[in-house]
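Below: work_35.txt (compact mmCIF, C-alpha atoms)
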```
# COMPACT_ATOMS: atom_id res chain seq x y z
CA MET A 282 48.60 -36.46 -25.90
CA ILE A 283 46.90 -33.19 -26.88
CA PRO A 284 45.80 -31.68 -23.54
CA PHE A 285 42.47 -30.26 -24.71
CA LEU A 286 41.12 -33.60 -25.94
CA ILE A 287 38.91 -34.99 -23.16
CA THR A 288 37.29 -38.40 -23.10
CA ILE A 289 34.22 -38.63 -20.90
CA SER A 290 32.21 -41.71 -20.10
CA GLU A 291 28.42 -42.00 -20.53
CA ASN A 292 27.96 -41.66 -16.76
CA GLU A 293 29.95 -38.42 -16.70
CA LYS A 294 27.97 -37.09 -19.66
CA ARG A 295 24.72 -37.77 -17.81
CA MET A 296 26.05 -36.15 -14.65
CA LEU A 297 27.12 -33.07 -16.64
CA LEU A 298 23.67 -32.71 -18.19
CA VAL A 299 21.95 -33.13 -14.81
CA LEU A 300 24.25 -30.51 -13.24
CA LEU A 301 23.58 -28.07 -16.10
CA ALA A 302 19.82 -28.60 -15.82
CA ALA A 303 19.98 -28.10 -12.05
CA VAL A 304 21.95 -24.85 -12.40
CA ILE A 305 19.55 -23.51 -15.07
CA LEU A 306 16.54 -24.52 -12.96
CA VAL A 307 17.91 -22.77 -9.88
CA PHE A 308 18.49 -19.53 -11.78
CA VAL A 309 15.07 -19.70 -13.48
CA LEU A 310 13.39 -20.25 -10.09
CA ILE A 311 15.24 -17.26 -8.65
CA GLY A 312 14.21 -15.21 -11.70
CA LEU A 313 10.55 -16.20 -11.23
CA LEU A 314 10.75 -15.38 -7.54
CA GLY A 315 12.17 -11.96 -8.41
CA LEU A 316 9.33 -11.43 -10.89
CA LEU A 317 6.78 -12.30 -8.22
CA VAL A 318 8.37 -9.90 -5.73
CA LYS A 319 8.37 -7.15 -8.40
CA ARG A 320 4.64 -7.68 -9.14
CA ILE A 321 3.74 -7.66 -5.44
CA MET A 322 5.72 -4.46 -4.90
CA SER A 323 4.02 -2.79 -7.91
CA SER A 324 0.59 -3.49 -6.43
CA GLN A 325 1.74 -2.30 -2.98
CA ALA A 326 3.09 0.92 -4.51
CA LYS A 327 -0.35 1.83 -5.94
CA ARG A 328 -1.43 2.71 -2.40
CA ALA A 329 0.81 5.78 -2.68
CA ASP A 330 -1.23 6.93 -5.68
CA THR A 331 -4.43 6.49 -3.65
CA PHE A 332 -3.37 8.77 -0.82
CA MET A 333 -1.74 11.40 -3.04
CA TYR A 334 -4.34 11.59 -5.85
CA ASP A 335 -6.77 14.09 -4.29
CA LEU A 336 -3.96 16.37 -3.17
CA VAL A 337 -2.42 16.54 -6.65
CA TYR A 338 -5.78 16.79 -8.47
CA THR A 339 -6.96 19.73 -6.36
CA LYS A 340 -3.54 21.43 -6.62
CA ALA A 341 -3.03 21.32 -2.85
CA ILE A 342 0.47 20.06 -3.72
CA LYS A 343 2.43 22.87 -5.36
CA ASN A 344 5.74 21.36 -6.50
CA PRO A 345 7.78 18.12 -6.49
CA ARG A 346 9.48 18.92 -3.18
CA HIS A 347 6.10 19.53 -1.52
CA PHE A 348 4.87 16.25 -3.04
CA ARG A 349 7.79 14.33 -1.51
CA ARG A 350 7.42 15.97 1.91
CA VAL A 351 3.70 15.23 2.19
CA GLY A 352 4.11 11.80 0.55
CA PHE A 353 6.77 10.66 3.02
CA LYS A 354 4.67 11.90 5.96
CA LYS A 355 1.63 9.92 4.78
CA ASN A 356 3.85 6.92 4.03
CA HIS A 357 5.20 6.90 7.58
CA ARG A 358 1.66 7.08 8.97
CA LEU A 359 0.55 4.18 6.78
CA LEU A 360 3.61 2.16 7.86
CA PHE A 361 2.65 2.70 11.50
CA GLN A 362 -0.98 1.72 10.84
CA GLN A 363 0.00 -1.44 8.97
CA SER A 364 2.89 -2.68 11.10
CA TRP A 365 2.01 -1.91 14.70
CA ILE A 366 0.53 -5.40 15.14
CA PRO A 367 3.57 -7.39 13.87
CA PHE A 368 5.85 -5.02 15.79
CA LEU A 369 3.86 -5.76 18.94
CA ILE A 370 4.06 -9.50 18.23
CA LEU A 371 7.86 -9.24 17.92
CA LEU A 372 8.06 -7.29 21.19
CA VAL A 373 5.82 -9.81 22.98
CA ALA A 374 7.94 -12.73 21.71
CA ALA A 375 11.18 -11.02 22.76
CA ALA A 376 9.67 -10.10 26.14
CA PHE A 377 8.55 -13.70 26.69
CA LEU A 378 12.06 -15.01 26.00
CA LEU A 379 13.72 -12.44 28.24
CA ILE A 380 11.29 -13.13 31.09
CA TYR A 381 11.89 -16.89 30.78
CA MET A 382 15.68 -16.40 30.73
CA ALA A 383 15.44 -14.16 33.81
CA ILE A 384 13.17 -16.52 35.76
CA ALA A 385 15.14 -19.69 34.85
CA ASP A 386 18.47 -17.82 35.13
CA HIS A 387 19.44 -19.43 31.82
CA TRP A 388 20.93 -16.62 29.76
CA ASN A 389 22.68 -18.83 27.20
CA LEU A 390 19.51 -20.46 25.84
CA ASN A 391 20.04 -21.53 22.21
CA VAL A 392 16.68 -21.50 20.40
CA PHE A 393 18.19 -23.52 17.51
CA ASP A 394 19.84 -26.24 19.55
CA TYR A 395 18.91 -29.84 18.59
CA TYR A 396 21.40 -31.95 20.61
CA GLY A 397 21.38 -30.80 24.23
CA THR A 398 23.66 -32.97 26.37
CA ASP A 399 23.06 -36.40 24.80
CA GLY A 400 20.91 -35.88 21.70
CA THR A 401 17.59 -36.34 23.56
CA ASP A 402 17.25 -33.12 25.58
CA GLY A 403 17.83 -30.34 23.08
CA GLU A 404 16.43 -26.94 24.01
CA GLY A 405 15.85 -25.51 20.55
CA PHE A 406 13.13 -25.42 17.90
CA THR A 407 15.26 -27.58 15.54
CA THR A 408 14.48 -30.65 17.71
CA LEU A 409 11.33 -30.85 15.55
CA PHE A 410 13.26 -31.25 12.25
CA PHE A 411 15.61 -33.65 10.49
CA ILE A 412 19.18 -32.35 10.87
CA PHE A 413 21.68 -33.38 8.17
CA ASP A 414 25.46 -33.11 8.33
CA PHE A 415 26.01 -31.16 5.11
CA ALA A 416 29.62 -30.43 6.04
CA ASN A 417 30.48 -34.15 5.83
CA ALA A 418 28.33 -35.07 2.85
CA PRO A 419 29.93 -37.73 0.59
CA LYS A 420 31.64 -36.08 -2.39
CA SER A 421 33.17 -37.33 -5.61
CA THR A 422 35.71 -35.74 -7.88
CA PHE A 423 34.36 -34.54 -11.20
CA PHE A 424 36.75 -32.80 -13.58
CA GLY A 425 38.87 -31.77 -10.59
CA MET A 426 35.84 -30.39 -8.63
CA GLN A 427 34.42 -31.91 -5.42
CA ILE A 428 30.69 -32.38 -5.96
CA VAL A 429 28.16 -33.83 -3.49
CA SER A 430 27.28 -37.31 -4.71
CA ASP A 431 24.89 -38.70 -2.07
CA TRP A 432 22.60 -37.72 0.82
CA PRO A 433 24.51 -36.29 3.81
CA PRO A 434 24.47 -38.33 7.05
CA LEU A 435 21.57 -37.77 9.49
CA LEU A 436 22.54 -36.11 12.75
CA SER A 437 19.14 -35.93 14.44
CA SER A 438 15.57 -37.06 13.83
CA PRO A 439 12.53 -35.06 15.04
CA TYR A 440 11.60 -35.51 18.72
CA LEU A 441 9.73 -33.54 21.38
CA SER A 442 11.88 -32.19 24.19
CA ALA A 443 10.51 -30.86 27.46
CA ASN A 444 13.52 -28.53 27.77
CA ALA A 445 12.62 -26.89 24.46
CA TRP A 446 9.11 -25.61 25.37
CA PRO A 447 10.23 -21.92 25.49
CA SER A 448 11.66 -22.29 21.98
CA TYR A 449 8.44 -23.98 20.78
CA VAL A 450 6.52 -20.90 21.97
CA PHE A 451 9.03 -18.21 21.01
CA VAL A 452 10.10 -19.26 17.49
CA PRO A 453 6.65 -19.56 15.78
CA ILE A 454 5.44 -16.28 17.34
CA PHE A 455 8.68 -14.50 16.43
CA LEU A 456 8.68 -15.88 12.87
CA THR A 457 5.06 -14.82 12.33
CA GLY A 458 5.81 -11.30 13.50
CA ALA A 459 9.09 -11.13 11.55
CA ILE A 460 7.57 -12.26 8.21
CA TRP A 461 4.56 -9.96 8.63
CA TYR A 462 6.85 -7.02 9.52
CA LEU A 463 9.13 -7.72 6.53
CA ILE A 464 6.11 -7.59 4.21
CA CYS A 465 5.16 -4.19 5.71
CA VAL A 466 8.74 -2.96 5.21
CA GLN A 467 8.66 -4.21 1.61
CA ALA A 468 5.42 -2.25 1.04
CA PHE A 469 7.04 0.84 2.61
CA ILE A 470 10.02 0.57 0.24
CA ALA A 471 7.68 0.14 -2.76
CA ARG A 472 5.63 3.23 -1.80
CA THR A 473 8.78 5.30 -1.14
CA TRP A 474 10.09 4.50 -4.61
CA ARG A 475 6.69 5.33 -6.16
CA ILE A 476 6.61 8.70 -4.35
CA LEU A 477 10.11 9.55 -5.61
CA VAL A 478 9.18 8.64 -9.19
CA MET A 479 5.74 10.33 -9.22
CA SER A 480 6.99 13.52 -7.57
CA LYS A 481 8.89 14.24 -10.78
CA LYS A 482 6.45 12.65 -13.25
CA SER A 483 3.32 14.44 -11.94
CA PHE A 484 4.82 17.84 -12.63
CA GLU A 485 6.45 17.06 -15.95
CA LYS A 486 5.26 19.02 -18.93
CA SER A 487 6.09 17.82 -22.39
CA LEU A 488 6.55 19.82 -25.56
CA ASP A 489 6.57 16.68 -27.71
CA ASN A 490 3.26 17.37 -29.51
CA TYR A 491 3.45 21.15 -29.28
CA ASP A 492 3.00 22.87 -32.61
CA ALA A 493 3.88 26.55 -32.49
CA THR A 494 2.02 27.26 -35.77
CA LYS A 495 -1.29 26.21 -34.22
CA ASN A 496 -0.88 28.51 -31.25
CA PRO A 497 -0.56 32.04 -32.59
CA ILE A 498 -0.01 34.80 -30.09
CA ASP A 499 -3.58 36.11 -30.32
CA ASN A 500 -5.11 32.72 -29.36
CA PRO A 501 -6.00 32.25 -25.70
CA LEU A 502 -3.88 29.73 -23.76
CA PRO A 503 -5.47 26.29 -23.12
CA PRO A 504 -6.98 25.89 -19.63
CA LEU A 505 -4.52 24.69 -16.99
CA GLN A 506 -5.13 21.04 -16.08
CA MET B 247 12.11 -19.40 -25.42
CA ILE B 248 13.12 -15.74 -25.30
CA LYS B 249 10.98 -15.24 -22.20
CA PHE B 250 12.67 -18.27 -20.61
CA LEU B 251 16.12 -16.84 -21.36
CA GLN B 252 15.01 -13.45 -20.01
CA ILE B 253 13.92 -15.03 -16.74
CA PHE B 254 17.18 -17.03 -16.60
CA GLY B 255 19.18 -13.81 -17.15
CA GLN B 256 17.14 -12.01 -14.49
CA GLY B 257 17.83 -14.90 -12.10
CA ILE B 258 21.59 -14.48 -12.59
CA LEU B 259 21.21 -10.72 -12.11
CA TYR B 260 19.24 -11.15 -8.88
CA VAL B 261 21.84 -13.59 -7.52
CA VAL B 262 24.63 -11.09 -8.28
CA LEU B 263 22.71 -8.13 -6.83
CA SER B 264 21.23 -9.99 -3.83
CA PRO B 265 23.87 -8.72 -1.32
CA PHE B 266 22.93 -5.12 -2.21
CA PHE B 267 19.21 -5.91 -1.89
CA LEU B 268 19.84 -7.49 1.52
CA VAL B 269 21.82 -4.46 2.69
CA ILE B 270 19.03 -2.10 1.54
CA LEU B 271 16.42 -4.30 3.25
CA ALA B 272 18.43 -4.41 6.48
CA PHE B 273 18.79 -0.61 6.39
CA TYR B 274 15.04 -0.16 5.94
CA VAL B 275 14.24 -2.67 8.70
CA VAL B 276 16.35 -0.63 11.14
CA TYR B 277 14.95 2.68 9.81
CA THR B 278 11.31 1.55 10.04
CA ALA B 279 11.89 0.20 13.57
CA LEU B 280 13.13 3.66 14.59
CA VAL B 281 10.14 5.27 12.81
CA MET B 282 7.75 2.96 14.74
CA ILE B 283 9.32 3.88 18.08
CA PHE B 284 9.28 7.60 17.21
CA MET B 285 5.64 7.49 16.02
CA PHE B 286 4.63 5.59 19.17
CA LEU B 287 6.20 8.24 21.42
CA LYS B 288 4.65 11.02 19.29
CA MET B 289 1.25 9.31 19.61
CA ILE B 290 1.50 9.24 23.41
CA ILE B 291 2.55 12.90 23.61
CA LEU B 292 -0.20 14.04 21.23
CA PHE B 293 -2.77 11.91 23.08
CA PHE B 294 -2.11 13.82 26.30
CA ALA B 295 -2.26 17.08 24.32
CA GLY B 296 -5.72 16.12 23.05
CA LYS B 297 -4.61 15.64 19.45
CA SER B 298 -4.21 12.67 17.14
CA VAL B 299 -1.13 11.52 15.27
CA PHE B 300 -3.42 10.70 12.35
CA ALA B 301 -5.08 14.13 12.18
CA ASP B 302 -5.66 15.60 8.72
CA LEU B 303 -2.74 17.48 7.25
CA PRO B 304 -3.31 21.11 6.11
CA GLU B 305 -3.05 19.83 2.53
CA ASP B 306 -5.86 17.29 3.20
CA ILE B 307 -8.12 20.06 4.53
CA GLU B 308 -7.33 22.28 1.54
CA ALA B 309 -8.03 19.40 -0.87
CA GLU B 310 -11.35 18.61 0.85
CA GLN B 311 -12.44 22.26 0.64
CA MET B 312 -11.50 22.39 -3.04
CA LYS B 313 -13.41 19.17 -3.75
CA ASN B 314 -16.54 20.51 -1.98
CA LYS B 315 -16.27 23.76 -3.93
CA LEU B 316 -15.98 21.90 -7.24
CA ARG B 317 -18.93 19.65 -6.31
CA ASP B 318 -21.11 22.67 -5.41
CA GLU B 319 -20.19 24.44 -8.66
CA LYS B 320 -21.09 21.33 -10.65
CA LEU B 321 -24.45 21.01 -8.87
CA ALA B 322 -25.24 24.69 -9.40
CA LYS B 323 -24.52 24.32 -13.11
CA GLU B 324 -26.80 21.27 -13.41
CA ASN B 325 -29.67 22.79 -11.35
CA PRO B 326 -29.94 26.48 -12.20
CA GLN B 327 -32.17 28.36 -9.74
CA THR B 328 -34.50 31.18 -10.95
CA PRO B 329 -33.65 34.47 -9.32
CA PRO B 330 -36.09 35.67 -6.59
CA LEU B 331 -38.60 38.41 -7.32
CA PRO B 332 -37.34 41.87 -6.56
CA TYR B 333 -38.68 43.73 -3.51
CA PRO B 334 -41.57 45.68 -5.03
CA TYR B 335 -43.30 42.51 -6.30
CA PRO B 336 -45.58 40.43 -4.06
CA PRO B 337 -44.62 36.84 -3.10
CA TYR B 338 -46.04 33.78 -4.88
CA GLY B 339 -49.64 32.97 -3.93
CA TYR B 340 -50.74 36.57 -3.93
CA PRO B 341 -53.72 36.99 -6.21
CA GLY B 342 -52.46 37.69 -9.69
CA TYR B 343 -49.06 36.18 -8.91
CA PRO B 344 -49.58 32.42 -9.03
CA TYR B 345 -46.91 29.82 -8.18
CA PRO B 346 -44.83 28.81 -11.18
CA PRO B 347 -45.96 25.46 -12.65
CA MET B 348 -44.01 22.30 -11.63
CA PRO B 349 -42.24 20.48 -14.48
CA GLY B 350 -44.97 18.73 -16.49
CA GLN B 351 -47.80 20.42 -14.66
CA VAL B 352 -50.63 21.83 -16.77
CA ILE B 353 -52.72 24.54 -15.17
CA ASN B 354 -56.26 24.43 -16.47
CA GLN B 355 -58.11 27.05 -14.50
CA PRO B 356 -61.14 28.68 -16.12
CA GLU B 357 -61.00 32.39 -16.57
CA VAL B 358 -62.80 34.22 -13.79
CA LYS B 359 -64.95 37.02 -15.19
CA GLU B 360 -66.34 39.93 -13.23
CA ILE B 361 -70.22 39.87 -12.92
CA ASP B 362 -72.28 43.05 -12.91
CA ALA B 363 -74.29 42.60 -9.69
CA LYS B 364 -77.87 44.00 -9.32
CA PRO B 365 -78.43 46.61 -6.63
CA ILE B 366 -80.12 45.14 -3.54
CA ASP B 367 -83.85 46.25 -3.09
CA VAL B 368 -84.51 46.18 0.66
CA GLU B 369 -88.37 46.51 0.42
CA GLU B 370 -88.72 43.57 -1.94
CA GLU B 371 -86.63 41.41 0.33
CA LYS B 372 -88.89 42.25 3.27
CA LYS B 373 -91.94 41.29 1.22
CA ASP B 374 -90.33 37.95 0.32
CA GLU B 375 -89.63 37.24 3.94
CA GLN B 376 -93.25 37.96 4.92
```
Written form, structure tokens:
Amino acid sequence: MIPFLITISENEKRMLLVLLAAVILVFVLIGLLGLLVKRIMSSQAKRADTFMYDLVYTKAIKNPRHFRRVGFKKNHRLLFQQSWIPFLILLVAAAFLLIYMAIADHWNLNVFDYYGTDGTDGEGFTTLFFIFDFANAPKSTFFGMQIVSDWPPLLSSPYLSANAWPSYVFVPIFLTGAIWYLICVQAFIARTWRILVMSKKSFEKSLDNYDATKNPIDNPLPPLQ
Amino acid sequence: MIKFLQIFGQGILYVVLSPFFLVILAFYVVYTALVMIFMFLKMIILFFAGKSVFADLPEDIEAEQMKNKLRDEKLAKENPQTPPLPYPYPPYGYPGYPYPPMPGQVINQPEVKEIDAKPIDVEEEKKDEQ
């Protein structure tokens, strides 16, 4: 038998098409997400133009190095103004958890625990979610590869646990502060990049449209912009 | 279709480069946390020194002065002021030196002529009174 001749059933053909569509969809979604992040960062970077415009227009900034020095200083100030609240939220959440651990003398608290001792007294935030056993999901062989072929078994259903109240308080507050802070850091990165780019671009002079024949030596120089 | 393929290609690129993006993000998270702590300490020190961490930079002050100067020059160009009279001349309002007319004002004063007055006869006046 010629080894490269493969016979595939209708079912396998369908599975192959579904897999291909799923892979393409995943990459397209990631591409769209990247596009969204790029657009958000472009609009965040415009803030750097706002705080540097007057200084460049009035020639208070003399050269690219001066531009970067002043730009980074203003960027750090804006970072502090924008992110002191989420930073405080993160500190408050961390302080709450540490105080609870100290008072309860329970230093090995797992905020993501769902099982506890018997599956009904978990101490983590994940007691509120469905927990699936992805490691033991049923698989089938497909062209020599092991591919997931059905829903994984359920390990835990959502339930409220009295032991988990510190996690119920800590995790939402911490997540709020963390996401807010990450957005501020993203804006900081966007503005830093804009400052680096504009420090060179603002002081660039181009000779592209310069015509030496139209500027004889006895003509006055054009006014400096 | 081309746009779809572009987005698909960008998706593959982002998946490949995602570890580098995560490393850069983690670096900036740590760096900004240190900046926050440093700025907080600087704010406390400057507060007790009577200053602010958000005070204007020397470049901001220079830019503000330059903007005010440009604004004043523009206003002076749009509203030219007549020069004041030199010292030997009387101020406005002095007879013979009227105020300049307002824009659109029409001054319609009749000409004042000098009258030759008769000499006063004292005896005739006494007769009139009697």
Each region 265-348 of chain B residue no farther than 10 Å from region 329-338 of chain A, nearest pair in Å, all atoms listed in the file, as a tab-separated table:
```
residue	atom	partner	partner_atom	distance
B:Glu305	CA	A:Leu336	CA	6.7
B:Asp306	CA	A:Leu336	CA	6.7
B:Ile307	CA	A:Leu336	CA	9.5
B:Glu308	CA	A:Leu336	CA	8.3
B:Ala309	CA	A:Leu336	CA	5.6
B:Glu310	CA	A:Asp335	CA	8.2
B:Met312	CA	A:Asp335	CA	9.6
B:Lys313	CA	A:Asp335	CA	8.4
```
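Residues from chain B found within 8 Å of chain A are Phe250, Ile253, Phe254, Gly255, Gln256, Gly257, Ile258, Tyr260, Val261, Leu271, Tyr274, Val275, Thr278, Val281, Met282, Met285, Phe300, Glu305, Asp306, Glu308, Ala309, Met312 and Lys313 of chain B, counting only C-alpha atoms.
For the atom pair formed by CA of Ser437 (chain A) and CA of Gly403 (chain A), the distance is 10.4 Å, given to one decimal.
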With 4 Å on each side, where is the centre of the axis-aligned box around all listed atoms of region 301-319 of chain B, and how long are its edges in Å to one decimal, as lines of an AutoDock Vina configuration file?
```
center_x = -11.9
center_y = 19.3
center_z = 1.8
size_x = 26.4
size_y = 18.3
size_z = 28.8
```
Two-atom distance - CA of Gly458 (chain A), CA of Ile321 (chain A) (Å): 19.4 Å
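Among the candidates A:Ile380, A:Gln325, A:Leu369, A:Pro345, the residue lying nearest to Phe286 (chain B) is A:Leu369 (atoms considered: only C-alpha atoms).
Our summary of the geometry notes that CA of Ala418 (chain A) is positioned 7.0 Å from CA of Asp431 (chain A).
Closest approach to Met296 (chain A) among A:Lys481, A:Ser421, A:Lys327, A:Leu436: A:Ser421, based on all atoms listed in the file.
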Polymer residues at most 12 Å from (16.4, -28.7, 21.2) by only C-alpha atoms, as a count of residues only: 37
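Closest to Lys482 (chain A) among A:Gly425, A:Asn344, A:Leu317, A:Thr288 is A:Asn344, based on all atoms listed in the file.
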